[in-house]
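Shown here: data_14.csv, CSV, C-alpha atoms.
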chain,number,residue,atom,x,y,z
A,1,MET,CA,18.2,-3.9,-20.8
A,2,VAL,CA,17.1,-6.3,-18.0
A,3,ILE,CA,17.5,-4.6,-14.6
A,4,GLU,CA,17.5,-6.7,-11.4
A,5,PHE,CA,19.2,-6.8,-8.1
A,6,GLN,CA,19.4,-8.9,-4.9
A,7,PHE,CA,17.6,-7.8,-1.8
A,8,SER,CA,18.1,-10.0,1.3
A,9,GLY,CA,18.6,-13.0,-0.9
A,10,GLN,CA,15.6,-12.3,-3.1
A,11,SER,CA,15.8,-11.2,-6.7
A,12,ILE,CA,13.9,-8.1,-7.6
A,13,GLY,CA,13.2,-7.0,-11.2
A,14,GLY,CA,14.0,-8.8,-14.5
A,15,ASN,CA,11.9,-11.8,-15.1
A,16,HIS,CA,11.5,-12.6,-11.4
A,17,PRO,CA,8.1,-12.6,-9.6
A,18,CYS,CA,6.8,-9.3,-8.4
A,19,PHE,CA,8.3,-8.4,-5.0
A,20,ILE,CA,5.2,-7.8,-2.8
A,21,ILE,CA,5.7,-5.7,0.3
A,22,ALA,CA,3.2,-5.7,3.2
A,23,GLU,CA,3.6,-2.2,4.6
A,24,ALA,CA,2.9,-2.5,8.3
A,25,CYS,CA,3.9,1.2,8.8
A,26,ASP,CA,2.8,2.2,12.3
A,27,ASN,CA,-0.5,0.3,12.2
A,28,HIS,CA,0.9,-1.8,15.1
A,29,LEU,CA,0.5,1.3,17.3
A,30,GLY,CA,3.8,0.5,19.1
A,31,ASP,CA,2.5,-2.9,20.2
A,32,MET,CA,5.2,-5.5,19.6
A,33,ASN,CA,2.7,-8.4,19.8
A,34,ALA,CA,0.7,-6.7,16.9
A,35,ALA,CA,3.9,-6.0,15.0
A,36,ARG,CA,4.9,-9.7,15.3
A,37,GLU,CA,1.5,-10.8,14.3
A,38,MET,CA,1.6,-8.6,11.2
A,39,ALA,CA,4.8,-10.4,10.2
A,40,ARG,CA,3.2,-13.8,10.7
A,41,ARG,CA,0.2,-12.9,8.7
A,42,ALA,CA,2.2,-11.3,5.9
A,43,LYS,CA,4.1,-14.5,5.5
A,44,ALA,CA,0.9,-16.6,5.5
A,45,ALA,CA,-0.5,-14.3,2.9
A,46,GLY,CA,2.5,-14.9,0.6
A,47,ALA,CA,4.1,-11.5,0.8
A,48,CYS,CA,7.8,-11.3,0.1
A,49,ALA,CA,8.6,-8.8,2.8
A,50,VAL,CA,6.9,-7.0,5.7
A,51,LYS,CA,7.9,-3.4,6.2
A,52,TYR,CA,8.0,-1.2,9.3
A,53,GLN,CA,9.1,2.4,9.8
A,54,HIS,CA,11.9,3.8,11.9
A,55,HIS,CA,11.0,7.3,13.1
A,56,LEU,CA,13.2,9.7,15.1
A,57,PRO,CA,10.6,12.5,15.3
A,58,ASP,CA,13.0,15.3,16.2
A,59,GLU,CA,15.3,14.3,13.2
A,60,GLU,CA,12.3,14.1,10.9
A,61,MET,CA,10.1,17.2,11.5
A,62,LEU,CA,9.3,20.2,13.6
A,63,PRO,CA,6.8,19.6,16.4
A,64,ASP,CA,4.3,22.1,15.1
A,65,LEU,CA,4.4,20.7,11.5
A,66,PRO,CA,1.1,21.5,9.8
A,67,MET,CA,-0.6,18.4,8.5
A,68,SER,CA,-2.8,18.0,5.5
A,69,ASP,CA,-6.4,16.7,5.7
A,70,ASN,CA,-5.3,13.5,4.0
A,71,PHE,CA,-4.1,12.0,7.2
A,72,ALA,CA,-6.7,10.1,9.3
A,73,ALA,CA,-5.0,10.8,12.5
A,74,GLU,CA,-6.7,12.3,15.5
A,75,GLU,CA,-3.6,14.1,16.7
A,76,PRO,CA,-0.5,15.7,15.1
A,77,LEU,CA,1.8,13.3,13.4
A,78,TYR,CA,4.7,14.4,15.7
A,79,THR,CA,2.8,13.5,18.8
A,80,PHE,CA,1.5,10.2,17.2
A,81,LEU,CA,5.1,9.1,16.4
A,82,GLN,CA,6.3,10.0,19.9
A,83,LYS,CA,3.7,7.7,21.3
A,84,TYR,CA,3.8,4.8,18.8
A,85,ALA,CA,7.1,4.7,16.9
A,86,LEU,CA,9.2,1.6,17.5
A,87,THR,CA,12.6,1.9,19.2
A,88,LEU,CA,15.8,0.7,17.7
A,89,ASP,CA,15.8,-2.2,20.1
A,90,GLN,CA,12.3,-3.2,19.0
A,91,HIS,CA,13.5,-3.1,15.3
A,92,THR,CA,16.4,-5.3,16.2
A,93,GLU,CA,14.0,-7.8,17.8
A,94,LEU,CA,11.6,-7.6,14.9
A,95,LYS,CA,14.2,-8.2,12.3
A,96,LYS,CA,15.4,-11.3,14.1
A,97,PHE,CA,11.9,-12.5,14.6
A,98,CYS,CA,10.9,-12.0,10.9
A,99,GLU,CA,14.0,-13.7,9.5
A,100,GLU,CA,14.6,-16.5,12.0
A,101,GLU,CA,11.2,-17.4,13.3
A,102,VAL,CA,8.8,-16.4,10.5
A,103,GLY,CA,10.9,-16.7,7.4
A,104,ILE,CA,10.0,-13.3,5.8
A,105,THR,CA,12.2,-10.5,4.8
A,106,TYR,CA,12.3,-7.6,7.2
A,107,LEU,CA,12.2,-4.2,5.5
A,108,CYS,CA,12.1,-0.8,7.0
A,109,THR,CA,11.7,2.9,6.0
A,110,PRO,CA,14.1,5.3,7.7
A,111,PHE,CA,12.6,8.8,7.8
A,112,SER,CA,16.0,10.5,8.2
A,113,TYR,CA,19.6,9.8,7.6
A,114,GLN,CA,20.1,9.2,11.3
A,115,ALA,CA,17.4,6.6,11.3
A,116,ALA,CA,19.1,4.8,8.3
A,117,ALA,CA,22.4,5.0,10.1
A,118,GLU,CA,20.9,3.2,13.1
A,119,LEU,CA,19.3,0.5,11.0
A,120,ASN,CA,22.3,-0.2,8.8
A,121,PRO,CA,24.3,-2.1,11.5
A,122,LEU,CA,21.4,-4.5,12.0
A,123,GLY,CA,22.3,-6.0,8.6
A,124,VAL,CA,19.2,-4.8,6.7
A,125,GLY,CA,19.2,-5.8,3.1
A,126,GLY,CA,18.4,-2.3,1.9
A,127,PHE,CA,16.2,0.7,2.5
A,128,LYS,CA,12.7,1.8,1.5
A,129,ILE,CA,12.6,5.5,1.0
A,130,GLY,CA,9.2,7.3,1.4
A,131,SER,CA,8.0,9.9,-1.1
A,132,GLY,CA,8.6,12.7,1.4
A,133,GLU,CA,12.3,12.0,1.4
A,134,MET,CA,12.6,11.5,-2.4
A,135,THR,CA,14.0,14.9,-3.0
A,136,ASP,CA,16.3,14.9,0.0
A,137,LEU,CA,19.5,14.3,-1.8
A,138,HIS,CA,21.5,15.5,1.2
A,139,SER,CA,20.3,12.4,3.1
A,140,LEU,CA,19.8,10.0,0.2
A,141,LEU,CA,23.4,10.3,-1.0
A,142,ARG,CA,24.7,9.5,2.5
A,143,ILE,CA,22.4,6.5,2.7
A,144,ALA,CA,23.6,5.4,-0.7
A,145,ASP,CA,27.1,5.3,0.8
A,146,PHE,CA,26.0,2.2,2.8
A,147,GLY,CA,26.2,0.4,-0.5
A,148,LYS,CA,22.7,-1.2,-0.3
A,149,PRO,CA,19.7,-1.2,-2.6
A,150,MET,CA,17.2,1.6,-2.3
A,151,LEU,CA,13.5,1.4,-3.1
A,152,VAL,CA,12.3,5.0,-3.6
A,153,SER,CA,8.7,6.1,-3.8
A,154,THR,CA,7.9,9.1,-6.1
A,155,GLY,CA,4.6,10.5,-4.8
A,156,MET,CA,4.2,14.3,-4.9
A,157,CYS,CA,7.2,14.7,-7.3
A,158,GLU,CA,7.6,16.2,-10.7
A,159,TRP,CA,9.6,14.5,-13.5
A,160,LYS,CA,12.5,16.8,-13.0
A,161,GLU,CA,12.7,15.9,-9.3
A,162,ILE,CA,12.6,12.2,-10.0
A,163,ASP,CA,15.2,12.6,-12.8
A,164,ARG,CA,17.5,14.4,-10.3
A,165,THR,CA,17.3,11.6,-7.7
A,166,TYR,CA,17.6,8.9,-10.3
A,167,HIS,CA,20.8,10.3,-11.8
A,168,ALA,CA,22.3,11.1,-8.4
A,169,LEU,CA,21.7,7.6,-7.0
A,170,ARG,CA,22.8,5.8,-10.2
A,171,GLY,CA,25.9,8.0,-10.1
A,172,LYS,CA,26.6,6.1,-6.8
A,173,ASN,CA,25.9,2.8,-8.6
A,174,THR,CA,23.2,2.2,-6.1
A,175,PRO,CA,20.9,-0.7,-7.0
A,176,LEU,CA,17.7,1.3,-7.4
A,177,ALA,CA,14.0,0.8,-7.7
A,178,LEU,CA,11.6,3.7,-8.3
A,179,LEU,CA,7.9,3.2,-7.3
A,180,SER,CA,5.1,5.1,-8.9
A,181,CYS,CA,3.0,6.6,-6.2
A,182,VAL,CA,0.3,9.2,-5.4
A,183,SER,CA,0.6,10.7,-1.9
A,184,GLU,CA,-3.1,11.0,-1.2
A,185,TYR,CA,-4.6,9.1,1.7
A,186,PRO,CA,-6.6,7.6,0.0
A,187,PRO,CA,-6.2,8.9,-3.6
A,188,VAL,CA,-8.8,9.9,-6.1
A,189,TYR,CA,-8.6,7.2,-8.8
A,190,GLU,CA,-8.3,9.8,-11.6
A,191,ASP,CA,-5.1,11.0,-9.9
A,192,ILE,CA,-3.3,7.6,-10.0
A,193,ASN,CA,-2.3,7.7,-13.6
A,194,LEU,CA,-1.1,4.1,-13.8
A,195,ASP,CA,0.3,4.5,-17.3
A,196,VAL,CA,3.1,6.5,-15.7
A,197,ILE,CA,4.6,3.1,-14.9
A,198,THR,CA,5.4,2.5,-18.6
A,199,LYS,CA,6.8,6.0,-18.9
A,200,MET,CA,9.0,5.4,-15.9
A,201,GLN,CA,10.2,2.1,-17.5
A,202,ALA,CA,11.4,4.0,-20.6
A,203,ARG,CA,12.7,7.1,-18.7
A,204,TYR,CA,14.7,5.2,-16.0
A,205,PRO,CA,16.2,2.2,-17.8
A,206,GLU,CA,18.7,1.5,-14.9
A,207,ALA,CA,16.0,1.2,-12.2
A,208,VAL,CA,13.5,-1.4,-11.4
A,209,ILE,CA,10.0,0.1,-11.6
A,210,GLY,CA,7.3,-0.7,-9.1
A,211,HIS,CA,4.1,0.7,-7.6
A,212,SER,CA,3.3,1.9,-4.1
A,213,ASP,CA,-0.5,1.9,-3.6
A,214,HIS,CA,-2.7,3.9,-1.3
A,215,THR,CA,-6.1,2.9,-2.5
A,216,PRO,CA,-8.4,1.0,-0.1
A,217,ASP,CA,-8.8,-1.9,-2.5
A,218,LEU,CA,-6.8,-4.1,-4.9
A,219,PHE,CA,-7.7,-3.1,-8.4
A,220,THR,CA,-4.9,-0.6,-9.2
A,221,CYS,CA,-2.3,-3.1,-7.9
A,222,TYR,CA,-3.5,-5.7,-10.3
A,223,ALA,CA,-3.4,-3.2,-13.2
A,224,ALA,CA,0.1,-2.1,-12.1
A,225,VAL,CA,1.4,-5.7,-12.4
A,226,THR,CA,-0.2,-6.0,-15.8
A,227,LEU,CA,1.7,-2.9,-16.8
A,228,GLY,CA,5.0,-4.5,-15.7
A,229,ALA,CA,5.5,-3.2,-12.1
A,230,LYS,CA,8.0,-5.5,-10.4
A,231,ILE,CA,7.4,-4.3,-6.9
A,232,ILE,CA,4.0,-3.8,-5.2
A,233,GLU,CA,3.8,-2.1,-1.8
A,234,LYS,CA,0.5,-2.1,0.0
A,235,HIS,CA,-0.4,-0.9,3.5
A,236,VAL,CA,-1.8,-3.6,5.8
A,237,ILE,CA,-3.7,-3.5,9.1
A,238,LEU,CA,-5.0,-6.0,11.6
A,239,ASP,CA,-8.1,-4.2,12.4
A,240,LYS,CA,-9.6,-1.6,10.1
A,241,THR,CA,-11.5,0.1,13.0
A,242,GLN,CA,-8.4,1.1,14.9
A,243,PRO,CA,-7.3,4.8,14.8
A,244,GLY,CA,-4.1,5.9,13.0
A,245,PRO,CA,-2.9,8.0,10.1
A,246,ASP,CA,-2.8,5.0,7.7
A,247,ARG,CA,-6.1,3.3,8.5
A,248,GLU,CA,-7.9,4.7,5.4
A,249,VAL,CA,-5.3,3.4,3.0
A,250,SER,CA,-4.8,-0.1,4.5
A,251,ILE,CA,-6.2,-3.5,3.6
A,252,ASN,CA,-6.6,-6.4,6.0
A,253,PHE,CA,-4.6,-9.6,5.7
A,254,GLU,CA,-7.5,-11.5,4.1
A,255,GLU,CA,-7.3,-9.0,1.3
A,256,LEU,CA,-3.5,-9.2,1.2
A,257,THR,CA,-3.9,-13.0,0.6
A,258,GLU,CA,-6.3,-12.2,-2.2
A,259,LEU,CA,-3.9,-9.6,-3.6
A,260,VAL,CA,-0.9,-12.0,-3.6
A,261,ASP,CA,-2.9,-14.8,-5.2
A,262,GLY,CA,-4.2,-12.4,-7.9
A,263,ILE,CA,-0.8,-11.1,-8.7
A,264,ARG,CA,0.7,-14.6,-9.1
A,265,LYS,CA,-2.2,-15.5,-11.4
A,266,ILE,CA,-1.7,-12.4,-13.4
A,267,GLU,CA,2.0,-13.1,-13.7
A,268,ALA,CA,1.3,-16.7,-14.9
A,269,ALA,CA,-1.1,-15.3,-17.5
A,270,ARG,CA,1.1,-12.6,-19.0
A,271,GLY,CA,2.8,-14.6,-21.7
A,272,SER,CA,3.0,-13.3,-25.2
A,273,GLU,CA,3.1,-16.5,-27.3
A,274,ARG,CA,0.3,-17.1,-29.7
A,275,LYS,CA,-0.2,-20.8,-30.3
A,276,VAL,CA,-2.6,-23.7,-30.0
A,277,HIS,CA,-2.0,-25.1,-26.5
A,278,VAL,CA,-2.1,-28.7,-25.6
A,279,LYS,CA,-5.5,-28.4,-23.7
A,280,GLU,CA,-6.9,-26.5,-26.7
A,281,ALA,CA,-6.1,-29.2,-29.2
A,282,ALA,CA,-8.8,-31.5,-27.9
A,283,VAL,CA,-11.4,-28.7,-28.1
A,284,ARG,CA,-10.5,-28.1,-31.7
A,285,THR,CA,-11.7,-31.6,-32.6
A,286,TRP,CA,-15.3,-30.6,-31.9
A,287,ALA,CA,-15.6,-26.8,-31.6
A,288,PHE,CA,-14.9,-25.6,-35.1
A,289,ARG,CA,-17.6,-25.6,-37.8
A,290,TYR,CA,-17.7,-27.7,-41.0
A,291,ALA,CA,-20.0,-28.0,-44.0
A,292,VAL,CA,-23.2,-30.0,-43.8
A,293,PRO,CA,-26.3,-30.0,-46.1
A,294,ARG,CA,-29.6,-29.2,-44.4
A,295,ILE,CA,-31.4,-31.7,-46.7
A,296,ALA,CA,-30.2,-34.9,-48.4
A,297,LEU,CA,-28.3,-34.3,-51.6
A,298,ALA,CA,-28.2,-36.8,-54.4
A,299,LYS,CA,-25.1,-38.2,-56.1
A,300,GLY,CA,-24.1,-35.9,-59.0
A,301,THR,CA,-25.5,-32.7,-57.3
A,302,THR,CA,-23.5,-29.7,-58.3
A,303,LEU,CA,-22.9,-27.4,-55.3
A,304,THR,CA,-23.7,-23.7,-56.0
A,305,SER,CA,-23.3,-20.3,-54.4
A,306,GLU,CA,-27.1,-20.1,-54.1
A,307,MET,CA,-27.1,-23.3,-52.0
A,308,ILE,CA,-24.6,-21.6,-49.6
A,309,ASP,CA,-26.5,-18.3,-49.6
A,310,THR,CA,-29.8,-19.9,-48.8
A,311,ASP,CA,-28.2,-22.2,-46.2
A,312,GLN,CA,-29.0,-25.4,-48.0
A,313,LEU,CA,-25.4,-26.0,-47.5
A,314,THR,CA,-24.4,-24.6,-44.1
A,315,THR,CA,-21.9,-25.1,-41.3
A,316,LYS,CA,-22.2,-26.8,-38.0
A,317,ARG,CA,-20.0,-28.4,-35.3
A,318,THR,CA,-19.5,-31.9,-36.6
A,319,GLY,CA,-16.6,-33.4,-34.7
A,320,GLN,CA,-15.0,-34.2,-38.0
A,321,PRO,CA,-12.0,-31.8,-38.5
A,322,ARG,CA,-11.1,-33.5,-41.8
A,323,GLY,CA,-14.2,-32.1,-43.5
A,324,VAL,CA,-14.7,-28.9,-45.5
A,325,SER,CA,-14.3,-26.1,-43.0
A,326,SER,CA,-16.3,-22.9,-42.9
A,327,HIS,CA,-13.7,-20.7,-44.5
A,328,GLN,CA,-13.4,-23.2,-47.4
A,329,LEU,CA,-17.1,-23.1,-48.5
A,330,PRO,CA,-16.4,-20.9,-51.5
A,331,GLU,CA,-14.0,-23.6,-52.8
A,332,VAL,CA,-16.7,-26.2,-53.2
A,333,VAL,CA,-18.8,-24.1,-55.6
A,334,GLY,CA,-19.0,-25.8,-59.0
A,335,ARG,CA,-18.0,-29.3,-57.7
A,336,THR,CA,-20.3,-32.3,-57.8
A,337,LEU,CA,-21.0,-35.0,-55.3
A,338,ASN,CA,-19.6,-38.4,-56.1
A,339,ARG,CA,-22.0,-40.0,-53.6
A,340,GLU,CA,-25.4,-39.3,-51.9
A,341,LEU,CA,-25.1,-37.1,-48.8
A,342,ALA,CA,-27.7,-37.4,-46.1
A,343,ALA,CA,-29.0,-34.3,-44.2
A,344,ASN,CA,-26.5,-33.1,-41.6
A,345,GLU,CA,-23.9,-35.6,-42.8
A,346,PRO,CA,-20.5,-33.9,-42.8
A,347,LEU,CA,-19.2,-33.0,-46.3
A,348,LEU,CA,-15.7,-34.4,-46.8
A,349,TRP,CA,-13.3,-33.4,-49.6
A,350,ALA,CA,-13.3,-37.1,-50.7
A,351,ASP,CA,-17.1,-36.7,-51.5
A,352,LEU,CA,-16.4,-34.1,-54.2
A,353,ASN,CA,-15.3,-34.4,-57.8
A,354,GLU,CA,-12.9,-31.8,-59.2
A,355,ALA,CA,-14.5,-28.7,-60.4
Whole structure, structure tokens version:
Amino acid sequence: MVIEFQFSGQSIGGNHPCFIIAEACDNHLGDMNAAREMARRAKAAGACAVKYQHHLPDEEMLPDLPMSDNFAAEEPLYTFLQKYALTLDQHTELKKFCEEEVGITYLCTPFSYQAAAELNPLGVGGFKIGSGEMTDLHSLLRIADFGKPMLVSTGMCEWKEIDRTYHALRGKNTPLALLSCVSEYPPVYEDINLDVITKMQARYPEAVIGHSDHTPDLFTCYAAVTLGAKIIEKHVILDKTQPGPDREVSINFEELTELVDGIRKIEAARGSERKVHVKEAAVRTWAFRYAVPRIALAKGTTLTSEMIDTDQLTTKRTGQPRGVSSHQLPEVVGRTLNRELAANEPLLWADLNEA
């Protein structure tokens, strides 16, 4: 079954190129100039979409929410979001800027149903759902009622929890993507378990499977694409020295350019056809080995196994593909030469009498 769907005019899944998301998150620190620059640079890097986040802190969490040590923030997340989260008016401006001035898809993660309800009238193409909301069916089913695609990360979740969300959203006929993810910031590589991607492909046949990556480098993204991930989400940042909860899991835009280029090359290289290609044909004319004698052989010489075993008759690259090839050496045993053969002169079938 080939699964694909349309997202803001772009095809995701199937045989289409990997949908690469530059996750700006809150690395703009509330600065619209930085947020716009991230869109420009994501486009220049070749990303398909730039993603922001819409936070309504009081709809999202309690003020005294305890935080794990994973987050590289110097203050509670609630306080950080109160300071730096973009307003709805800013999201409206950013969406217009991305699509009308930059030419890149605007994507956003709502961290509550209320945030999604505010974004929906902007004409967003769909919603990216973070791992923390993956089990929140109360909100997800209401978001699904907007009738738009949902890209859902699966970090921190057990199979039974992903199963439940998958079946609930497919029950709504929601165009769905599930992203493998590890919610560590950054993760231990042994925890990533990239082969889960292939298990997800088999387990969730009506969803596009992708990968949301929190490593500080590019390797696991490349491997995910090789395993068939059709979406890659990667955090990006303008300056890796700036503070913020996502700094440790973000790459800069030079690295994003390298990532996009690498993914496109991997996609081009992932064919499964075994054949001699046009550019290989010319190499075949000189690269394969054919029979030659090390010393001159007189007319009437009978070729023997001993001559082959002692390398009196050996193989070299001769540039004469019509000669006796290496794998055919046993077939010349017992045949005689009908002409004199000089040392290093290619042995042709026409030089041999029948055995």
Show me, as a PDB file with C-alpha atoms, keeping the file's coordinate frame, the residues that have an atom within 12 Å of region 239-250 of chain A when counting all atoms listed in the file, minus same-chain residues fewer than 6 positions from it.
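Generated output (selection_27.pdb):
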ATOM      1  CA  ALA A  22       3.200  -5.700   3.200  1.00  0.00           C
ATOM      2  CA  GLU A  23       3.600  -2.200   4.600  1.00  0.00           C
ATOM      3  CA  ALA A  24       2.900  -2.500   8.300  1.00  0.00           C
ATOM      4  CA  CYS A  25       3.900   1.200   8.800  1.00  0.00           C
ATOM      5  CA  ASP A  26       2.800   2.200  12.300  1.00  0.00           C
ATOM      6  CA  ASN A  27      -0.500   0.300  12.200  1.00  0.00           C
ATOM      7  CA  HIS A  28       0.900  -1.800  15.100  1.00  0.00           C
ATOM      8  CA  LEU A  29       0.500   1.300  17.300  1.00  0.00           C
ATOM      9  CA  GLY A  30       3.800   0.500  19.100  1.00  0.00           C
ATOM     10  CA  ALA A  34       0.700  -6.700  16.900  1.00  0.00           C
ATOM     11  CA  GLU A  37       1.500 -10.800  14.300  1.00  0.00           C
ATOM     12  CA  MET A  38       1.600  -8.600  11.200  1.00  0.00           C
ATOM     13  CA  MET A  67      -0.600  18.400   8.500  1.00  0.00           C
ATOM     14  CA  SER A  68      -2.800  18.000   5.500  1.00  0.00           C
ATOM     15  CA  ASP A  69      -6.400  16.700   5.700  1.00  0.00           C
ATOM     16  CA  ASN A  70      -5.300  13.500   4.000  1.00  0.00           C
ATOM     17  CA  PHE A  71      -4.100  12.000   7.200  1.00  0.00           C
ATOM     18  CA  ALA A  72      -6.700  10.100   9.300  1.00  0.00           C
ATOM     19  CA  ALA A  73      -5.000  10.800  12.500  1.00  0.00           C
ATOM     20  CA  GLU A  74      -6.700  12.300  15.500  1.00  0.00           C
ATOM     21  CA  GLU A  75      -3.600  14.100  16.700  1.00  0.00           C
ATOM     22  CA  PRO A  76      -0.500  15.700  15.100  1.00  0.00           C
ATOM     23  CA  LEU A  77       1.800  13.300  13.400  1.00  0.00           C
ATOM     24  CA  TYR A  78       4.700  14.400  15.700  1.00  0.00           C
ATOM     25  CA  THR A  79       2.800  13.500  18.800  1.00  0.00           C
ATOM     26  CA  PHE A  80       1.500  10.200  17.200  1.00  0.00           C
ATOM     27  CA  LEU A  81       5.100   9.100  16.400  1.00  0.00           C
ATOM     28  CA  LYS A  83       3.700   7.700  21.300  1.00  0.00           C
ATOM     29  CA  TYR A  84       3.800   4.800  18.800  1.00  0.00           C
ATOM     30  CA  ALA A  85       7.100   4.700  16.900  1.00  0.00           C
ATOM     31  CA  VAL A 182       0.300   9.200  -5.400  1.00  0.00           C
ATOM     32  CA  SER A 183       0.600  10.700  -1.900  1.00  0.00           C
ATOM     33  CA  GLU A 184      -3.100  11.000  -1.200  1.00  0.00           C
ATOM     34  CA  TYR A 185      -4.600   9.100   1.700  1.00  0.00           C
ATOM     35  CA  PRO A 186      -6.600   7.600   0.000  1.00  0.00           C
ATOM     36  CA  PRO A 187      -6.200   8.900  -3.600  1.00  0.00           C
ATOM     37  CA  VAL A 188      -8.800   9.900  -6.100  1.00  0.00           C
ATOM     38  CA  SER A 212       3.300   1.900  -4.100  1.00  0.00           C
ATOM     39  CA  ASP A 213      -0.500   1.900  -3.600  1.00  0.00           C
ATOM     40  CA  HIS A 214      -2.700   3.900  -1.300  1.00  0.00           C
ATOM     41  CA  THR A 215      -6.100   2.900  -2.500  1.00  0.00           C
ATOM     42  CA  PRO A 216      -8.400   1.000  -0.100  1.00  0.00           C
ATOM     43  CA  ASP A 217      -8.800  -1.900  -2.500  1.00  0.00           C
ATOM     44  CA  LEU A 218      -6.800  -4.100  -4.900  1.00  0.00           C
ATOM     45  CA  GLU A 233       3.800  -2.100  -1.800  1.00  0.00           C
ATOM     46  CA  LEU A 256      -3.500  -9.200   1.200  1.00  0.00           C
TER      47      LEU A 256
END
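Distances from A:Lys299, A:Lys172, A:His235, A:Arg294 to Glu345 (chain A) were compared using all atoms listed in the file, and the smallest one belongs to A:Arg294.
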Next item on the list: Do a neighbour search on region 304-307 of chain A at 8 Å with all atoms listed in the file, toss out local chain neighbours closer than 4 positions, and write the hits as a ChimeraX atom specification.
Entry: /A:311-313,330,332-334
Next item on the list: For CA of Thr220 (chain A) and CA of Ile3 (chain A), quote the distance in Å rounded to one decimal.
Entry: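 Computing it gives 23.4 Å between the two atoms.
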Check: Which of these, A:His327, A:Arg264, A:Arg335, A:Arg270, has the shortest distance to Ala47 (chain A) once you count all atoms listed in the file?
Finding: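 Nearest to Ala47 (chain A): A:Arg264.
If you measure from each of A:Ile266, A:Ala291, A:Leu137, A:Val50 to Gly228 (chain A) using all atoms listed in the file, the closest one turns out to be A:Ile266.
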Check: Which neighbours of region 321-325 of chain A fall inside 6 Å, counting all atoms listed in the file, when residues of the same chain fewer than 4 positions from it are skipped, and could you give them as a ChimeraX atom specification?
Finding: /A:285,290-291,347-348
Next item on the list: Report the distance between CA of Ser272 (chain A) and CA of Asn193 (chain A) in Å, rounded to one decimal place.
Entry: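 CA of Ser272 (chain A) sits 24.6 Å away from CA of Asn193 (chain A).
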Check: Of the candidates A:His211, A:Arg170, A:Lys234, A:Arg203, which one gets nearest to Pro149 (chain A) if we count only C-alpha atoms?
Finding: A:Arg170
Can you list, as a PDB file with C-alpha atoms, in the frame of the given file, every protein, DNA or RNA residue that comes within 6 Å of Ala287 (chain A) when you count only C-alpha atoms, leaving out same-chain residues fewer than 2 positions away?
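Below is the file out.pdb, written as the result:
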ATOM      1  CA  VAL A 283     -11.400 -28.700 -28.100  1.00  0.00           C
ATOM      2  CA  ARG A 284     -10.500 -28.100 -31.700  1.00  0.00           C
ATOM      3  CA  ARG A 317     -20.000 -28.400 -35.300  1.00  0.00           C
TER       4      ARG A 317
END
Notebook entry, point to check: Excluding same-chain residues fewer than 5 positions from Lys95 (chain A), what lies within 9 Å of it counting all atoms listed in the file, as a VMD selection string?
Noted result: chain A and resid 90 100 105 to 107 122 124
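In this comparison, which uses all atoms listed in the file, the residue of A:Asp163, A:Asp136, A:Glu101, A:Glu206 approaching Met1 (chain A) most closely is A:Glu206.
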Next item on the list: Rank A:Lys265, A:Lys199, A:Arg142, A:His277 by their smallest atom-to-atom distance to Tyr222 (chain A), using all atoms listed in the file, and report the top residue only.
Entry: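 The shortest atom-to-atom distance to Tyr222 (chain A) comes from A:Lys265.
Going from CA of Gln114 (chain A) to CA of Ile21 (chain A) covers 23.5 Å.
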